[in-house]
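Asks: Dumping the structure here so I can ask a few things about it.
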Amino acid sequence: MSNARALRIVLYEGLGSRPLDAPVRLAALRQLLESGYGVTRVATGTGMAALPGEGPIAVLGRFEQAQPGVAESHGDGRPVFFCNVEGLEPDGMLRGLEELHARANTAPRAKWKPWFPVIDFSRCTNCMQCLTFCLFDVYGVSKDKKIEVRNPTNCKTDCPACSRVCPEVAILFPKYKGGPINGDEIRDEDLHREKMKVDISALLGGDIYAALRQRSADAQARFSRERDEKRALDERRKCLTKLQQDLGIPPEVLAALPSLDQIQAKTARAMADGGGEEPL
Amino acid sequence: MPNPTRILYCHCAYAQVVPADTKAAVLEQLSASGVSFEAVPDLCEMSARRDPGLADIAAADGATIVACYPRAVRWLFSAAGSVLPEGVRVVNMRVAEVPEILLALELPVETP
């Protein structure tokens with residue numbers, strides 16, 4: 001993710017300015033937001049308030065008096081660029097902002113992949129199952145030995161698998177379609193389902209990976225005895241499809257399932273990186 | 001400077017999980033109102049970027065955040081290093097009807 005400074009926009013209709021026409025204001029708000037700008041709307045009859053964040057500010061308004069090109073905001077000394085938008089349509093405002101980036105030493109927001117996990121620490125028990133399950137090193141261990149989302153951009157789009165394996169329903173994907181993964185309240189049946197998931201894992205001997213590998217090996221042995229490659233492939237496809245459906249895992253993720261040894265090694269490394277002790 | 005504004009609107013610009021009609025209607029009513037407000041392209045993106053602006057928004061006591069599920073919003077702020085105070089109200093545009101959202105924002109509700 002780009003760390004370039006963002007330009008904060010103020011749509012100013014306060015004291016010393018004339019209000020924007022309603023359709024222009026609405027269209028400007030929409031286009032600014034969809035172009036990745038945060039916008040503070042300062043309404044008629046009010047004044048500037050403290051603005052969130054840091055970095056330069058562009059104040060767009062129909063000013064009644066000439067404004068300096070650039071000034072400093074009170075208190076935090078952020079550079080403030082005044083842009084008179086009299087007679088401009090929203091497209092013209094955006095063009096003006098694009099030109100302003102060079103002077104303000106800012107950059108337009110880059111495209112962003114809206115997919116990463118968020119931990120509900122009111123539920124998380126720090127069991128590290130998400131860390132061991134995730135294939136893409138999204139998770140790490142903090143210095144105080146807590147699970148953390150360390151590399152959110154590594155997350156595989158549309159893969160909520162870590163959330164599905166979390167026994168406490170503590171991992172959210174806010175852009176996910178369904179609850180409780182999307183942050184919806186957790187109902188009793190969600191908890192029951194999660195408990196069943198853990199019980200199933202226990203029934204498989206506590207190591208679902210070993211069970212899967214054993215199942216795969218058994219199937220291979222059986223089918224090699226039968227010398228029916230087509231049937232073997234069909235069965236494998238059926239098993240994988242069932243897993244994908246049950247856990248909502250993209251096929252490429254399932255195909256890259258690591259071995260138990262690899263998983264344990266990854267957890268040990270993460271604990272060491274976080275300054276923690278290796279798991280028993 | 002006066003206190004920060006107390007309405008935060010999230011446009012959820014990077015996904016289509018909030019009904020488009022709801023977003024459009026809420027933004028239109030906010031725009032037409034005489035109130036000052038903050039609007040951000042996407043709270044998730046701000047959280048992933050650990051935008052320091054989230055801490056300022058969290059500090060606005062009694063704020064109303066118009067976004068998505070309250071549990072998601074609360075932990076998005078937490079992920080960015082900010083704790084939402086108890087008094088902050090979160091209005092969920094993913095499930096709430098427009099009149100309900102406008103009432104929460106104390107904006108006029110047009111009756112058909």
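Identifiers in the structure tokens: chain A, B, ... in order shown; residue index from 1 per chain; ligand index from 1 in order shown.
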Show me, as a list of chain:residue names, the residues that have an atom within 6 Å of Ser82 of chain B when counting only C-alpha atoms, minus same-chain residues fewer than 3 positions from it.
Replies: B:Ala55, B:Phe77, B:Ser78
Asks: Compute the chain B side of the contact with chain A at 7 Å, counting only C-alpha atoms, and hand it back as JSON, numbers by chain.
Replies: {"B": [1, 2, 3, 4, 5, 11, 13, 14, 15, 17, 28, 31, 32, 34, 35, 36, 37, 38, 39, 40, 41, 45, 51, 52, 53, 56, 57, 69, 71, 72, 75, 76, 79]}
Asks: Which of chain B counts as alpha helix (DSSP H) under DSSP, as a PyMOL selection string please?
Replies: chain B and resi 20-32+43-48+53-59+70-79+98-104
Asks: Determine which residues of chain B receive a DSSP assignment of strand (DSSP E or B), computed from the backbone, and state them as a list in words.
Replies: Ile7, Leu8, Tyr9, Cys10, Phe37, Glu38, Ala39, Val40, Thr64, Ile65, Val66, Ala67, Arg89, Val90, Val91 and Asn92 of chain B
Asks: Can those selected residues be exported to a file as an mmCIF file, in the first residue's frame so that it contains N, CA and C atoms?
Replies:
data_model
loop_
_atom_site.group_PDB
_atom_site.id
_atom_site.type_symbol
_atom_site.label_atom_id
_atom_site.label_comp_id
_atom_site.auth_asym_id
_atom_site.auth_seq_id
_atom_site.Cartn_x
_atom_site.Cartn_y
_atom_site.Cartn_z
ATOM 1 N N ILE B 7 -20.429 13.914 12.429
ATOM 2 C CA ILE B 7 -20.983 12.894 11.532
ATOM 3 C C ILE B 7 -19.864 12.421 10.620
ATOM 4 N N LEU B 8 -19.699 11.107 10.556
ATOM 5 C CA LEU B 8 -18.726 10.532 9.629
ATOM 6 C C LEU B 8 -19.487 9.598 8.695
ATOM 7 N N TYR B 9 -19.364 9.871 7.411
ATOM 8 C CA TYR B 9 -20.021 9.045 6.400
ATOM 9 C C TYR B 9 -18.951 8.251 5.651
ATOM 10 N N CYS B 10 -19.134 6.925 5.572
ATOM 11 C CA CYS B 10 -18.206 6.083 4.806
ATOM 12 C C CYS B 10 -18.858 5.730 3.472
ATOM 13 N N PHE B 37 -20.015 17.795 7.943
ATOM 14 C CA PHE B 37 -19.749 16.367 8.182
ATOM 15 C C PHE B 37 -18.431 15.967 7.531
ATOM 16 N N GLU B 38 -17.948 14.826 7.977
ATOM 17 C CA GLU B 38 -16.770 14.212 7.364
ATOM 18 C C GLU B 38 -17.236 13.092 6.451
ATOM 19 N N ALA B 39 -16.613 12.978 5.298
ATOM 20 C CA ALA B 39 -16.914 11.851 4.413
ATOM 21 C C ALA B 39 -15.589 11.215 4.007
ATOM 22 N N VAL B 40 -15.530 9.904 4.107
ATOM 23 C CA VAL B 40 -14.289 9.208 3.726
ATOM 24 C C VAL B 40 -14.616 8.196 2.633
ATOM 25 N N THR B 64 -21.461 10.187 15.306
ATOM 26 C CA THR B 64 -22.261 9.158 14.637
ATOM 27 C C THR B 64 -21.520 8.748 13.372
ATOM 28 N N ILE B 65 -21.259 7.471 13.251
ATOM 29 C CA ILE B 65 -20.564 6.949 12.074
ATOM 30 C C ILE B 65 -21.571 6.198 11.223
ATOM 31 N N VAL B 66 -21.692 6.595 9.980
ATOM 32 C CA VAL B 66 -22.618 5.928 9.058
ATOM 33 C C VAL B 66 -21.779 5.049 8.155
ATOM 34 N N ALA B 67 -21.828 3.758 8.399
ATOM 35 C CA ALA B 67 -20.936 2.862 7.654
ATOM 36 C C ALA B 67 -21.583 1.484 7.544
ATOM 37 N N ARG B 89 -21.932 6.320 18.069
ATOM 38 C CA ARG B 89 -23.018 5.507 17.518
ATOM 39 C C ARG B 89 -22.646 5.098 16.091
ATOM 40 N N VAL B 90 -22.883 3.852 15.759
ATOM 41 C CA VAL B 90 -22.594 3.370 14.405
ATOM 42 C C VAL B 90 -23.909 2.989 13.737
ATOM 43 N N VAL B 91 -24.171 3.580 12.594
ATOM 44 C CA VAL B 91 -25.389 3.273 11.833
ATOM 45 C C VAL B 91 -24.988 2.393 10.651
ATOM 46 N N ASN B 92 -25.699 1.296 10.488
ATOM 47 C CA ASN B 92 -25.313 0.276 9.519
ATOM 48 C C ASN B 92 -26.077 0.447 8.208
#
Asks: Report the distance between atom CA of Pro160 of chain A and atom CA of Phe136 of chain A in Å, rounded to one decimal place.
Replies: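 Value for the atom CA of Pro160 of chain A-atom CA of Phe136 of chain A distance: 12.4 Å.
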Asks: Could you tell me how far atom CA of Ala60 of chain B sits from atom CA of Ala104 of chain A, in Å to one decimal place?
Replies: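 Separation between atom CA of Ala104 of chain A and atom CA of Ala60 of chain B: 27.2 Å.
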